[in-house]
Amino acid sequence: MKRFLAIAILIAGGCSDQSDKKTASYHERSESAINILVDRFKSQYISASTKPAKDAVLSEYQKKIGEFLSSHYLNHIRVHVDSVTNRNLTIDTKFHAGEDLVFMSSIEFHKRMPRKEDSFYQFMKNLKVNTDTNIDFMYIGKFELHPPLDSAKPVLIVNAYPLSYQMHGRR
């Protein structure tokens, strides 16, 4: 009986570890996956020895990253708020997640806004520069992938709107 109890506890413990892995938050998987793609791109690009090989790696990862961004939510990404510029009713934002990943957006709001849009406008203009935060992003179909040897630019710049919870139905 003691053996049965010990085996049952081991099985339950093993199952609980698996469920933790399965229920790992989606944002962690999304954020990790995009960072893994960028790291693999950097590694393969640096290891390529010829210009045509480097161009082939760049082309391959432009396709892979484009497919990834188009088919995955960018939820709960840990970012640093670099800038929030409010000109009239246009808000430009820039965030970075590490040294290789930047999110940028420019959103023009209307003078008369429905409540949801006004809530989003307030969220955007109240972002605090030089703070770290978790933000959901909505990819808007454009990104730039730069060779890792170009230190003037981050490796990946993604045009994506930061979202408040009110904009996509969360509490």
# chains A, B, ... in the order shown; residues from 1 in each chain; ligands from 1
call {"tool": "residues_around", "arguments": {"residues": "stretch 128-145 of chain A", "least_positions_apart": "5", "cutoff": "10 Å", "atoms": "only C-alpha atoms", "output": "mmCIF file with all heavy atoms, in the first residue's frame"}}
result
data_model
loop_
_atom_site.group_PDB
_atom_site.id
_atom_site.type_symbol
_atom_site.label_atom_id
_atom_site.label_comp_id
_atom_site.auth_asym_id
_atom_site.auth_seq_id
_atom_site.Cartn_x
_atom_site.Cartn_y
_atom_site.Cartn_z
ATOM 1 N N HIS A 27 2.083 34.430 -23.659
ATOM 2 C CA HIS A 27 2.991 35.550 -23.912
ATOM 3 C C HIS A 27 4.438 35.137 -23.750
ATOM 4 O O HIS A 27 5.304 35.599 -24.483
ATOM 5 C CB HIS A 27 2.664 36.752 -23.025
ATOM 6 C CG HIS A 27 2.843 36.505 -21.570
ATOM 7 N ND1 HIS A 27 4.062 36.485 -20.963
ATOM 8 C CD2 HIS A 27 1.942 36.282 -20.595
ATOM 9 C CE1 HIS A 27 3.910 36.244 -19.664
ATOM 10 N NE2 HIS A 27 2.636 36.125 -19.421
ATOM 11 N N VAL A 38 15.197 35.810 -33.758
ATOM 12 C CA VAL A 38 16.207 36.865 -33.925
ATOM 13 C C VAL A 38 17.599 36.315 -33.609
ATOM 14 O O VAL A 38 18.554 36.570 -34.353
ATOM 15 C CB VAL A 38 15.876 38.094 -33.057
ATOM 16 C CG1 VAL A 38 17.034 39.080 -33.013
ATOM 17 C CG2 VAL A 38 14.619 38.796 -33.572
ATOM 18 N N PHE A 41 18.721 34.070 -36.442
ATOM 19 C CA PHE A 41 19.086 34.894 -37.593
ATOM 20 C C PHE A 41 20.475 35.476 -37.402
ATOM 21 O O PHE A 41 21.326 35.391 -38.294
ATOM 22 C CB PHE A 41 18.060 36.019 -37.805
ATOM 23 C CG PHE A 41 18.568 37.113 -38.702
ATOM 24 C CD1 PHE A 41 18.795 36.873 -40.051
ATOM 25 C CD2 PHE A 41 18.847 38.368 -38.207
ATOM 26 C CE1 PHE A 41 19.282 37.874 -40.886
ATOM 27 C CE2 PHE A 41 19.328 39.373 -39.022
ATOM 28 C CZ PHE A 41 19.548 39.127 -40.369
ATOM 29 N N LEU A 58 19.380 36.425 -44.787
ATOM 30 C CA LEU A 58 18.507 37.586 -44.580
ATOM 31 C C LEU A 58 17.141 37.340 -45.226
ATOM 32 O O LEU A 58 16.098 37.547 -44.600
ATOM 33 C CB LEU A 58 19.155 38.850 -45.149
ATOM 34 C CG LEU A 58 18.384 40.153 -44.974
ATOM 35 C CD1 LEU A 58 18.263 40.521 -43.497
ATOM 36 C CD2 LEU A 58 19.077 41.279 -45.733
ATOM 37 N N SER A 59 17.135 36.844 -46.446
ATOM 38 C CA SER A 59 15.887 36.567 -47.155
ATOM 39 C C SER A 59 15.067 35.479 -46.454
ATOM 40 O O SER A 59 13.848 35.604 -46.293
ATOM 41 C CB SER A 59 16.210 36.146 -48.586
ATOM 42 O OG SER A 59 15.044 35.848 -49.283
ATOM 43 N N TYR A 61 15.104 34.635 -43.274
ATOM 44 C CA TYR A 61 14.550 35.090 -42.001
ATOM 45 C C TYR A 61 13.531 36.205 -42.173
ATOM 46 O O TYR A 61 12.652 36.369 -41.326
ATOM 47 C CB TYR A 61 15.664 35.449 -41.019
ATOM 48 C CG TYR A 61 16.116 34.207 -40.302
ATOM 49 C CD1 TYR A 61 17.126 33.416 -40.823
ATOM 50 C CD2 TYR A 61 15.485 33.776 -39.143
ATOM 51 C CE1 TYR A 61 17.508 32.243 -40.207
ATOM 52 C CE2 TYR A 61 15.858 32.602 -38.515
ATOM 53 C CZ TYR A 61 16.870 31.846 -39.048
ATOM 54 O OH TYR A 61 17.234 30.672 -38.432
ATOM 55 N N GLN A 62 13.604 36.951 -43.265
ATOM 56 C CA GLN A 62 12.528 37.911 -43.538
ATOM 57 C C GLN A 62 11.221 37.151 -43.731
ATOM 58 O O GLN A 62 10.179 37.556 -43.228
ATOM 59 C CB GLN A 62 12.852 38.759 -44.767
ATOM 60 C CG GLN A 62 13.847 39.859 -44.457
ATOM 61 C CD GLN A 62 14.242 40.664 -45.674
ATOM 62 O OE1 GLN A 62 14.319 40.146 -46.785
ATOM 63 N NE2 GLN A 62 14.509 41.939 -45.452
ATOM 64 N N ILE A 65 10.204 35.469 -40.188
ATOM 65 C CA ILE A 65 9.709 36.455 -39.211
ATOM 66 C C ILE A 65 8.385 37.038 -39.680
ATOM 67 O O ILE A 65 7.469 37.237 -38.874
ATOM 68 C CB ILE A 65 10.781 37.532 -38.949
ATOM 69 C CG1 ILE A 65 11.937 36.894 -38.158
ATOM 70 C CG2 ILE A 65 10.198 38.723 -38.193
ATOM 71 C CD1 ILE A 65 13.167 37.762 -37.988
ATOM 72 N N GLY A 66 8.246 37.292 -40.973
ATOM 73 C CA GLY A 66 6.972 37.776 -41.503
ATOM 74 C C GLY A 66 5.838 36.802 -41.230
ATOM 75 O O GLY A 66 4.741 37.195 -40.804
ATOM 76 N N LEU A 69 5.089 36.812 -37.348
ATOM 77 C CA LEU A 69 4.355 37.996 -36.903
ATOM 78 C C LEU A 69 2.908 37.985 -37.392
ATOM 79 O O LEU A 69 2.009 38.445 -36.683
ATOM 80 C CB LEU A 69 5.060 39.273 -37.369
ATOM 81 C CG LEU A 69 6.408 39.558 -36.716
ATOM 82 C CD1 LEU A 69 7.105 40.720 -37.413
ATOM 83 C CD2 LEU A 69 6.252 39.834 -35.226
ATOM 84 N N SER A 70 2.683 37.443 -38.581
ATOM 85 C CA SER A 70 1.335 37.412 -39.144
ATOM 86 C C SER A 70 0.449 36.349 -38.507
ATOM 87 O O SER A 70 -0.766 36.437 -38.598
ATOM 88 C CB SER A 70 1.406 37.150 -40.651
ATOM 89 O OG SER A 70 2.070 38.215 -41.289
ATOM 90 N N SER A 71 1.045 35.373 -37.860
ATOM 91 C CA SER A 71 0.243 34.257 -37.347
ATOM 92 C C SER A 71 0.276 34.105 -35.826
ATOM 93 O O SER A 71 -0.296 33.159 -35.312
ATOM 94 C CB SER A 71 0.703 32.953 -37.999
ATOM 95 O OG SER A 71 2.044 32.681 -37.652
ATOM 96 N N HIS A 72 0.935 35.009 -35.119
ATOM 97 C CA HIS A 72 1.005 34.911 -33.656
ATOM 98 C C HIS A 72 0.609 36.229 -33.006
ATOM 99 O O HIS A 72 0.924 37.293 -33.525
ATOM 100 C CB HIS A 72 2.428 34.558 -33.202
ATOM 101 C CG HIS A 72 2.825 33.168 -33.520
ATOM 102 N ND1 HIS A 72 3.279 32.799 -34.766
ATOM 103 C CD2 HIS A 72 2.820 32.048 -32.759
ATOM 104 C CE1 HIS A 72 3.543 31.506 -34.755
ATOM 105 N NE2 HIS A 72 3.275 31.025 -33.564
ATOM 106 N N TYR A 73 -0.048 36.116 -31.876
ATOM 107 C CA TYR A 73 -0.337 37.299 -31.079
ATOM 108 C C TYR A 73 0.941 37.724 -30.371
ATOM 109 O O TYR A 73 1.755 36.894 -29.986
ATOM 110 C CB TYR A 73 -1.416 37.009 -30.030
ATOM 111 C CG TYR A 73 -2.756 36.721 -30.641
ATOM 112 C CD1 TYR A 73 -3.259 35.426 -30.649
ATOM 113 C CD2 TYR A 73 -3.511 37.731 -31.217
ATOM 114 C CE1 TYR A 73 -4.493 35.153 -31.213
ATOM 115 C CE2 TYR A 73 -4.744 37.470 -31.784
ATOM 116 C CZ TYR A 73 -5.226 36.178 -31.778
ATOM 117 O OH TYR A 73 -6.440 35.909 -32.335
ATOM 118 N N LEU A 74 1.110 38.997 -30.208
ATOM 119 C CA LEU A 74 2.268 39.532 -29.487
ATOM 120 C C LEU A 74 1.778 40.024 -28.133
ATOM 121 O O LEU A 74 1.758 41.212 -27.850
ATOM 122 C CB LEU A 74 2.910 40.660 -30.304
ATOM 123 C CG LEU A 74 3.393 40.242 -31.685
ATOM 124 C CD1 LEU A 74 3.858 41.445 -32.480
ATOM 125 C CD2 LEU A 74 4.509 39.215 -31.573
ATOM 126 N N ASN A 75 1.346 39.084 -27.329
ATOM 127 C CA ASN A 75 0.744 39.409 -26.045
ATOM 128 C C ASN A 75 1.762 39.476 -24.929
ATOM 129 O O ASN A 75 2.652 38.633 -24.838
ATOM 130 C CB ASN A 75 -0.325 38.377 -25.674
ATOM 131 C CG ASN A 75 -1.550 38.509 -26.542
ATOM 132 O OD1 ASN A 75 -1.741 39.511 -27.213
ATOM 133 N ND2 ASN A 75 -2.377 37.482 -26.526
ATOM 134 N N HIS A 76 1.579 40.471 -24.097
ATOM 135 C CA HIS A 76 2.306 40.591 -22.835
ATOM 136 C C HIS A 76 3.823 40.567 -23.046
ATOM 137 O O HIS A 76 4.533 39.788 -22.433
ATOM 138 C CB HIS A 76 1.863 39.471 -21.895
ATOM 139 C CG HIS A 76 1.832 39.890 -20.468
ATOM 140 N ND1 HIS A 76 0.903 40.768 -19.968
ATOM 141 C CD2 HIS A 76 2.630 39.562 -19.438
ATOM 142 C CE1 HIS A 76 1.133 40.942 -18.681
ATOM 143 N NE2 HIS A 76 2.175 40.228 -18.336
ATOM 144 N N ILE A 77 4.298 41.432 -23.940
ATOM 145 C CA ILE A 77 5.727 41.529 -24.218
ATOM 146 C C ILE A 77 6.334 42.517 -23.218
ATOM 147 O O ILE A 77 5.827 43.615 -23.035
ATOM 148 C CB ILE A 77 5.976 42.027 -25.661
ATOM 149 C CG1 ILE A 77 5.250 41.148 -26.694
ATOM 150 C CG2 ILE A 77 7.461 42.130 -25.956
ATOM 151 C CD1 ILE A 77 5.842 39.815 -26.941
ATOM 152 N N ARG A 78 7.410 42.128 -22.598
ATOM 153 C CA ARG A 78 8.106 43.000 -21.642
ATOM 154 C C ARG A 78 8.959 43.989 -22.437
ATOM 155 O O ARG A 78 9.851 43.578 -23.180
ATOM 156 C CB ARG A 78 8.983 42.167 -20.711
ATOM 157 C CG ARG A 78 9.634 42.961 -19.624
ATOM 158 C CD ARG A 78 8.651 43.229 -18.533
ATOM 159 N NE ARG A 78 9.290 43.949 -17.448
ATOM 160 C CZ ARG A 78 8.622 44.648 -16.578
ATOM 161 N NH1 ARG A 78 7.310 44.715 -16.639
ATOM 162 N NH2 ARG A 78 9.239 45.269 -15.619
ATOM 163 N N VAL A 79 8.645 45.291 -22.309
ATOM 164 C CA VAL A 79 9.337 46.320 -23.078
ATOM 165 C C VAL A 79 9.735 47.494 -22.199
ATOM 166 O O VAL A 79 9.214 47.686 -21.101
ATOM 167 C CB VAL A 79 8.462 46.860 -24.241
ATOM 168 C CG1 VAL A 79 8.211 45.797 -25.279
ATOM 169 C CG2 VAL A 79 7.169 47.456 -23.727
ATOM 170 N N HIS A 80 10.650 48.288 -22.737
ATOM 171 C CA HIS A 80 11.040 49.562 -22.134
ATOM 172 C C HIS A 80 10.441 50.653 -23.021
ATOM 173 O O HIS A 80 10.588 50.608 -24.249
ATOM 174 C CB HIS A 80 12.566 49.684 -22.093
ATOM 175 C CG HIS A 80 13.040 50.945 -21.456
ATOM 176 N ND1 HIS A 80 13.121 51.097 -20.096
ATOM 177 C CD2 HIS A 80 13.433 52.112 -22.003
ATOM 178 C CE1 HIS A 80 13.564 52.306 -19.831
ATOM 179 N NE2 HIS A 80 13.760 52.951 -20.971
ATOM 180 N N VAL A 81 9.751 51.617 -22.432
ATOM 181 C CA VAL A 81 9.134 52.705 -23.188
ATOM 182 C C VAL A 81 10.223 53.734 -23.494
ATOM 183 O O VAL A 81 10.745 54.383 -22.593
ATOM 184 C CB VAL A 81 7.979 53.360 -22.404
ATOM 185 C CG1 VAL A 81 7.325 54.465 -23.239
ATOM 186 C CG2 VAL A 81 6.948 52.328 -21.964
ATOM 187 N N ASP A 82 10.575 53.863 -24.778
ATOM 188 C CA ASP A 82 11.628 54.796 -25.186
ATOM 189 C C ASP A 82 11.088 56.188 -25.456
ATOM 190 O O ASP A 82 11.716 57.176 -25.082
ATOM 191 C CB ASP A 82 12.331 54.284 -26.447
ATOM 192 C CG ASP A 82 13.060 52.982 -26.194
ATOM 193 O OD1 ASP A 82 13.722 52.863 -25.151
ATOM 194 O OD2 ASP A 82 12.968 52.085 -27.044
ATOM 195 N N SER A 83 9.953 56.270 -26.139
ATOM 196 C CA SER A 83 9.404 57.591 -26.433
ATOM 197 C C SER A 83 7.906 57.510 -26.666
ATOM 198 O O SER A 83 7.390 56.521 -27.170
ATOM 199 C CB SER A 83 10.090 58.221 -27.650
ATOM 200 O OG SER A 83 9.798 57.492 -28.816
ATOM 201 N N VAL A 84 7.239 58.590 -26.276
ATOM 202 C CA VAL A 84 5.816 58.793 -26.547
ATOM 203 C C VAL A 84 5.694 60.257 -26.949
ATOM 204 O O VAL A 84 5.937 61.148 -26.142
ATOM 205 C CB VAL A 84 4.939 58.508 -25.307
ATOM 206 C CG1 VAL A 84 3.472 58.772 -25.615
ATOM 207 C CG2 VAL A 84 5.147 57.096 -24.799
ATOM 208 N N THR A 85 5.358 60.487 -28.212
ATOM 209 C CA THR A 85 5.248 61.846 -28.711
ATOM 210 C C THR A 85 3.803 62.103 -29.100
ATOM 211 O O THR A 85 3.225 61.360 -29.903
ATOM 212 C CB THR A 85 6.157 62.045 -29.956
ATOM 213 O OG1 THR A 85 7.475 61.641 -29.617
ATOM 214 C CG2 THR A 85 6.152 63.488 -30.395
ATOM 215 N N THR A 93 4.927 56.161 -30.809
ATOM 216 C CA THR A 93 5.541 55.443 -29.692
ATOM 217 C C THR A 93 6.718 54.614 -30.187
ATOM 218 O O THR A 93 6.762 54.194 -31.345
ATOM 219 C CB THR A 93 4.538 54.487 -29.011
ATOM 220 O OG1 THR A 93 4.042 53.570 -29.971
ATOM 221 C CG2 THR A 93 3.406 55.241 -28.357
ATOM 222 N N LYS A 94 7.650 54.394 -29.284
ATOM 223 C CA LYS A 94 8.787 53.517 -29.554
ATOM 224 C C LYS A 94 9.118 52.770 -28.268
ATOM 225 O O LYS A 94 9.216 53.379 -27.202
ATOM 226 C CB LYS A 94 9.997 54.322 -30.023
ATOM 227 C CG LYS A 94 11.188 53.466 -30.386
ATOM 228 C CD LYS A 94 12.339 54.318 -30.898
ATOM 229 C CE LYS A 94 13.550 53.466 -31.179
ATOM 230 N NZ LYS A 94 14.708 54.289 -31.537
ATOM 231 N N PHE A 95 9.273 51.451 -28.395
ATOM 232 C CA PHE A 95 9.595 50.572 -27.271
ATOM 233 C C PHE A 95 10.737 49.667 -27.704
ATOM 234 O O PHE A 95 10.892 49.396 -28.887
ATOM 235 C CB PHE A 95 8.412 49.656 -26.928
ATOM 236 C CG PHE A 95 7.105 50.344 -26.724
ATOM 237 C CD1 PHE A 95 6.270 50.609 -27.798
ATOM 238 C CD2 PHE A 95 6.699 50.723 -25.458
ATOM 239 C CE1 PHE A 95 5.048 51.233 -27.614
ATOM 240 C CE2 PHE A 95 5.477 51.345 -25.264
ATOM 241 C CZ PHE A 95 4.650 51.601 -26.342
ATOM 242 N N HIS A 96 11.513 49.182 -26.743
ATOM 243 C CA HIS A 96 12.460 48.130 -27.083
ATOM 244 C C HIS A 96 12.368 46.995 -26.074
ATOM 245 O O HIS A 96 12.044 47.213 -24.912
ATOM 246 C CB HIS A 96 13.899 48.660 -27.212
ATOM 247 C CG HIS A 96 14.571 48.999 -25.930
ATOM 248 N ND1 HIS A 96 14.541 50.255 -25.379
ATOM 249 C CD2 HIS A 96 15.295 48.237 -25.074
ATOM 250 C CE1 HIS A 96 15.222 50.259 -24.245
ATOM 251 N NE2 HIS A 96 15.684 49.042 -24.035
ATOM 252 N N ALA A 97 12.625 45.789 -26.579
ATOM 253 C CA ALA A 97 12.656 44.584 -25.757
ATOM 254 C C ALA A 97 14.038 43.979 -25.986
ATOM 255 O O ALA A 97 14.257 43.277 -26.963
ATOM 256 C CB ALA A 97 11.558 43.617 -26.179
ATOM 257 N N ASP A 100 17.935 43.986 -29.476
ATOM 258 C CA ASP A 100 17.709 43.590 -30.863
ATOM 259 C C ASP A 100 16.281 43.779 -31.366
ATOM 260 O O ASP A 100 16.025 43.575 -32.549
ATOM 261 C CB ASP A 100 18.075 42.115 -31.043
ATOM 262 C CG ASP A 100 19.542 41.857 -30.794
ATOM 263 O OD1 ASP A 100 20.357 42.693 -31.194
ATOM 264 O OD2 ASP A 100 19.868 40.812 -30.203
ATOM 265 N N LEU A 101 15.339 44.125 -30.512
ATOM 266 C CA LEU A 101 13.927 44.155 -30.896
ATOM 267 C C LEU A 101 13.296 45.485 -30.507
ATOM 268 O O LEU A 101 13.321 45.870 -29.343
ATOM 269 C CB LEU A 101 13.194 42.990 -30.219
ATOM 270 C CG LEU A 101 11.704 42.847 -30.457
ATOM 271 C CD1 LEU A 101 11.392 42.689 -31.939
ATOM 272 C CD2 LEU A 101 11.176 41.655 -29.673
ATOM 273 N N VAL A 102 12.730 46.175 -31.511
ATOM 274 C CA VAL A 102 12.078 47.465 -31.295
ATOM 275 C C VAL A 102 10.666 47.398 -31.849
ATOM 276 O O VAL A 102 10.430 46.832 -32.918
ATOM 277 C CB VAL A 102 12.873 48.599 -31.995
ATOM 278 C CG1 VAL A 102 12.098 49.900 -31.999
ATOM 279 C CG2 VAL A 102 14.219 48.798 -31.325
ATOM 280 N N PHE A 103 9.720 47.976 -31.123
ATOM 281 C CA PHE A 103 8.341 48.129 -31.579
ATOM 282 C C PHE A 103 8.072 49.613 -31.756
ATOM 283 O O PHE A 103 8.385 50.412 -30.873
ATOM 284 C CB PHE A 103 7.357 47.567 -30.544
ATOM 285 C CG PHE A 103 7.440 46.083 -30.374
ATOM 286 C CD1 PHE A 103 8.228 45.538 -29.365
ATOM 287 C CD2 PHE A 103 6.737 45.222 -31.200
ATOM 288 C CE1 PHE A 103 8.315 44.169 -29.198
ATOM 289 C CE2 PHE A 103 6.819 43.849 -31.039
ATOM 290 C CZ PHE A 103 7.609 43.326 -30.031
ATOM 291 N N MET A 104 7.480 49.978 -32.901
ATOM 292 C CA MET A 104 7.173 51.381 -33.178
ATOM 293 C C MET A 104 5.738 51.485 -33.688
ATOM 294 O O MET A 104 5.226 50.555 -34.313
ATOM 295 C CB MET A 104 8.124 51.939 -34.239
ATOM 296 C CG MET A 104 9.566 51.926 -33.815
ATOM 297 S SD MET A 104 10.665 52.508 -35.116
ATOM 298 C CE MET A 104 10.270 54.232 -35.136
ATOM 299 N N SER A 105 5.119 52.649 -33.422
ATOM 300 C CA SER A 105 3.794 52.890 -33.993
ATOM 301 C C SER A 105 3.543 54.386 -34.097
ATOM 302 O O SER A 105 4.183 55.198 -33.418
ATOM 303 C CB SER A 105 2.699 52.252 -33.127
ATOM 304 O OG SER A 105 2.540 52.973 -31.925
ATOM 305 N N LYS A 153 21.479 50.230 -36.045
ATOM 306 C CA LYS A 153 20.065 49.863 -36.048
ATOM 307 C C LYS A 153 19.865 48.564 -35.282
ATOM 308 O O LYS A 153 20.706 47.680 -35.326
ATOM 309 C CB LYS A 153 19.567 49.668 -37.480
ATOM 310 C CG LYS A 153 19.600 50.925 -38.314
ATOM 311 C CD LYS A 153 19.106 50.644 -39.712
ATOM 312 C CE LYS A 153 19.195 51.913 -40.554
ATOM 313 N NZ LYS A 153 18.806 51.664 -41.936
ATOM 314 N N PRO A 154 18.715 48.436 -34.604
ATOM 315 C CA PRO A 154 18.408 47.145 -33.977
ATOM 316 C C PRO A 154 18.169 46.102 -35.072
ATOM 317 O O PRO A 154 17.844 46.441 -36.207
ATOM 318 C CB PRO A 154 17.135 47.418 -33.182
ATOM 319 C CG PRO A 154 16.561 48.649 -33.764
ATOM 320 C CD PRO A 154 17.668 49.427 -34.384
ATOM 321 N N VAL A 155 18.312 44.843 -34.725
ATOM 322 C CA VAL A 155 18.163 43.772 -35.699
ATOM 323 C C VAL A 155 16.732 43.731 -36.250
ATOM 324 O O VAL A 155 16.525 43.608 -37.448
ATOM 325 C CB VAL A 155 18.556 42.410 -35.089
ATOM 326 C CG1 VAL A 155 18.257 41.267 -36.040
ATOM 327 C CG2 VAL A 155 20.036 42.414 -34.716
ATOM 328 N N LEU A 156 15.730 43.864 -35.380
ATOM 329 C CA LEU A 156 14.336 43.758 -35.825
ATOM 330 C C LEU A 156 13.530 44.954 -35.323
ATOM 331 O O LEU A 156 13.491 45.225 -34.122
ATOM 332 C CB LEU A 156 13.715 42.455 -35.313
ATOM 333 C CG LEU A 156 12.263 42.176 -35.696
ATOM 334 C CD1 LEU A 156 12.088 42.114 -37.217
ATOM 335 C CD2 LEU A 156 11.782 40.891 -35.049
ATOM 336 N N ILE A 157 12.902 45.661 -36.264
ATOM 337 C CA ILE A 157 11.986 46.756 -35.929
ATOM 338 C C ILE A 157 10.609 46.329 -36.415
ATOM 339 O O ILE A 157 10.416 46.034 -37.593
ATOM 340 C CB ILE A 157 12.398 48.076 -36.610
ATOM 341 C CG1 ILE A 157 13.791 48.497 -36.158
ATOM 342 C CG2 ILE A 157 11.369 49.167 -36.306
ATOM 343 C CD1 ILE A 157 14.355 49.690 -36.910
ATOM 344 N N VAL A 158 9.651 46.284 -35.492
ATOM 345 C CA VAL A 158 8.296 45.824 -35.810
ATOM 346 C C VAL A 158 7.337 46.995 -35.665
ATOM 347 O O VAL A 158 7.314 47.654 -34.621
ATOM 348 C CB VAL A 158 7.860 44.681 -34.862
ATOM 349 C CG1 VAL A 158 6.439 44.235 -35.169
ATOM 350 C CG2 VAL A 158 8.819 43.509 -34.954
ATOM 351 N N ASN A 159 6.559 47.251 -36.708
ATOM 352 C CA ASN A 159 5.500 48.251 -36.599
ATOM 353 C C ASN A 159 4.286 47.552 -36.013
ATOM 354 O O ASN A 159 3.712 46.658 -36.646
ATOM 355 C CB ASN A 159 5.171 48.849 -37.966
ATOM 356 C CG ASN A 159 6.253 49.791 -38.432
ATOM 357 O OD1 ASN A 159 7.410 49.422 -38.501
ATOM 358 N ND2 ASN A 159 5.881 51.006 -38.739
ATOM 359 N N ALA A 160 3.931 47.952 -34.805
ATOM 360 C CA ALA A 160 2.830 47.309 -34.094
ATOM 361 C C ALA A 160 2.216 48.302 -33.128
ATOM 362 O O ALA A 160 2.928 49.080 -32.501
ATOM 363 C CB ALA A 160 3.344 46.085 -33.338
ATOM 364 N N TYR A 161 0.896 48.278 -33.047
ATOM 365 C CA TYR A 161 0.202 49.148 -32.107
ATOM 366 C C TYR A 161 0.234 48.536 -30.711
ATOM 367 O O TYR A 161 -0.094 47.365 -30.549
ATOM 368 C CB TYR A 161 -1.258 49.335 -32.496
ATOM 369 C CG TYR A 161 -1.481 50.044 -33.808
ATOM 370 C CD1 TYR A 161 -2.539 49.674 -34.630
ATOM 371 C CD2 TYR A 161 -0.663 51.082 -34.233
ATOM 372 C CE1 TYR A 161 -2.770 50.319 -35.829
ATOM 373 C CE2 TYR A 161 -0.887 51.722 -35.431
ATOM 374 C CZ TYR A 161 -1.939 51.343 -36.223
ATOM 375 O OH TYR A 161 -2.155 51.977 -37.414
ATOM 376 N N PRO A 162 0.586 49.327 -29.707
ATOM 377 C CA PRO A 162 0.415 48.837 -28.337
ATOM 378 C C PRO A 162 -1.076 48.847 -28.019
ATOM 379 O O PRO A 162 -1.796 49.732 -28.467
ATOM 380 C CB PRO A 162 1.173 49.861 -27.490
ATOM 381 C CG PRO A 162 1.231 51.091 -28.323
ATOM 382 C CD PRO A 162 1.155 50.661 -29.755
ATOM 383 N N LEU A 163 -1.541 47.856 -27.294
ATOM 384 C CA LEU A 163 -2.967 47.766 -26.987
ATOM 385 C C LEU A 163 -3.212 47.853 -25.493
ATOM 386 O O LEU A 163 -2.461 47.296 -24.701
ATOM 387 C CB LEU A 163 -3.539 46.441 -27.499
ATOM 388 C CG LEU A 163 -3.498 46.221 -28.995
ATOM 389 C CD1 LEU A 163 -4.007 44.824 -29.322
ATOM 390 C CD2 LEU A 163 -4.314 47.262 -29.713
ATOM 391 N N SER A 164 -4.295 48.514 -25.154
ATOM 392 C CA SER A 164 -4.743 48.489 -23.772
ATOM 393 C C SER A 164 -5.711 47.314 -23.661
ATOM 394 O O SER A 164 -6.219 46.808 -24.652
ATOM 395 C CB SER A 164 -5.459 49.790 -23.411
ATOM 396 O OG SER A 164 -6.663 49.902 -24.115
ATOM 397 N N TYR A 165 -5.998 46.885 -22.459
ATOM 398 C CA TYR A 165 -6.891 45.747 -22.268
ATOM 399 C C TYR A 165 -8.301 46.045 -22.755
ATOM 400 O O TYR A 165 -8.993 45.189 -23.215
ATOM 401 C CB TYR A 165 -6.906 45.313 -20.801
ATOM 402 C CG TYR A 165 -5.609 44.719 -20.385
ATOM 403 C CD1 TYR A 165 -4.838 45.307 -19.398
ATOM 404 C CD2 TYR A 165 -5.125 43.579 -20.993
ATOM 405 C CE1 TYR A 165 -3.618 44.759 -19.040
ATOM 406 C CE2 TYR A 165 -3.909 43.015 -20.633
ATOM 407 C CZ TYR A 165 -3.174 43.618 -19.652
ATOM 408 O OH TYR A 165 -1.963 43.077 -19.299
ATOM 409 N N HIS A 168 -9.074 45.079 -26.609
ATOM 410 C CA HIS A 168 -9.279 43.727 -27.123
ATOM 411 C C HIS A 168 -9.953 42.813 -26.123
ATOM 412 O O HIS A 168 -9.731 41.630 -26.093
ATOM 413 C CB HIS A 168 -7.979 43.124 -27.675
ATOM 414 C CG HIS A 168 -6.832 43.132 -26.726
ATOM 415 N ND1 HIS A 168 -6.482 42.056 -25.998
ATOM 416 C CD2 HIS A 168 -5.967 44.115 -26.401
ATOM 417 C CE1 HIS A 168 -5.440 42.336 -25.250
ATOM 418 N NE2 HIS A 168 -5.105 43.570 -25.480
#
call {"tool": "residues_around", "arguments": {"residues": "A:Pro148", "least_positions_apart": "2", "cutoff": "8 Å", "atoms": "only C-alpha atoms", "output": "list of chain:residue names"}}
result
A:Lys42, A:Tyr45, A:Ile46, A:His146, A:Asp150, A:Ser151, A:Pro154, A:Val155
call {"tool": "write_last_selection", "arguments": {"atoms": "N, CA and C atoms", "output": "mmCIF file, in the first residue's frame"}}
result
data_model
loop_
_atom_site.group_PDB
_atom_site.id
_atom_site.type_symbol
_atom_site.label_atom_id
_atom_site.label_comp_id
_atom_site.auth_asym_id
_atom_site.auth_seq_id
_atom_site.Cartn_x
_atom_site.Cartn_y
_atom_site.Cartn_z
ATOM 1 N N LYS A 42 20.726 36.066 -36.227
ATOM 2 C CA LYS A 42 22.040 36.661 -35.961
ATOM 3 C C LYS A 42 23.149 35.625 -36.102
ATOM 4 N N TYR A 45 23.543 34.496 -39.779
ATOM 5 C CA TYR A 45 24.064 35.586 -40.603
ATOM 6 C C TYR A 45 25.561 35.776 -40.355
ATOM 7 N N ILE A 46 25.942 35.761 -39.092
ATOM 8 C CA ILE A 46 27.354 35.954 -38.737
ATOM 9 C C ILE A 46 28.201 34.780 -39.233
ATOM 10 N N HIS A 146 17.406 43.930 -40.012
ATOM 11 C CA HIS A 146 18.712 44.505 -40.345
ATOM 12 C C HIS A 146 19.832 43.530 -40.010
ATOM 13 N N ASP A 150 25.287 45.727 -38.269
ATOM 14 C CA ASP A 150 24.977 47.152 -38.351
ATOM 15 C C ASP A 150 24.566 47.634 -36.956
ATOM 16 N N SER A 151 25.514 48.184 -36.210
ATOM 17 C CA SER A 151 25.231 48.563 -34.822
ATOM 18 C C SER A 151 24.380 49.817 -34.708
ATOM 19 N N PRO A 154 18.715 48.436 -34.604
ATOM 20 C CA PRO A 154 18.408 47.145 -33.977
ATOM 21 C C PRO A 154 18.169 46.102 -35.072
ATOM 22 N N VAL A 155 18.312 44.843 -34.725
ATOM 23 C CA VAL A 155 18.163 43.772 -35.699
ATOM 24 C C VAL A 155 16.732 43.731 -36.250
#
call {"tool": "select_by_dssp", "arguments": {"residues": "stretch 13-147 of chain A", "states": "strand (DSSP E or B)", "output": "MDAnalysis selection string"}}
result
chainID A and resid 74:87 90:96 101:108 132:145
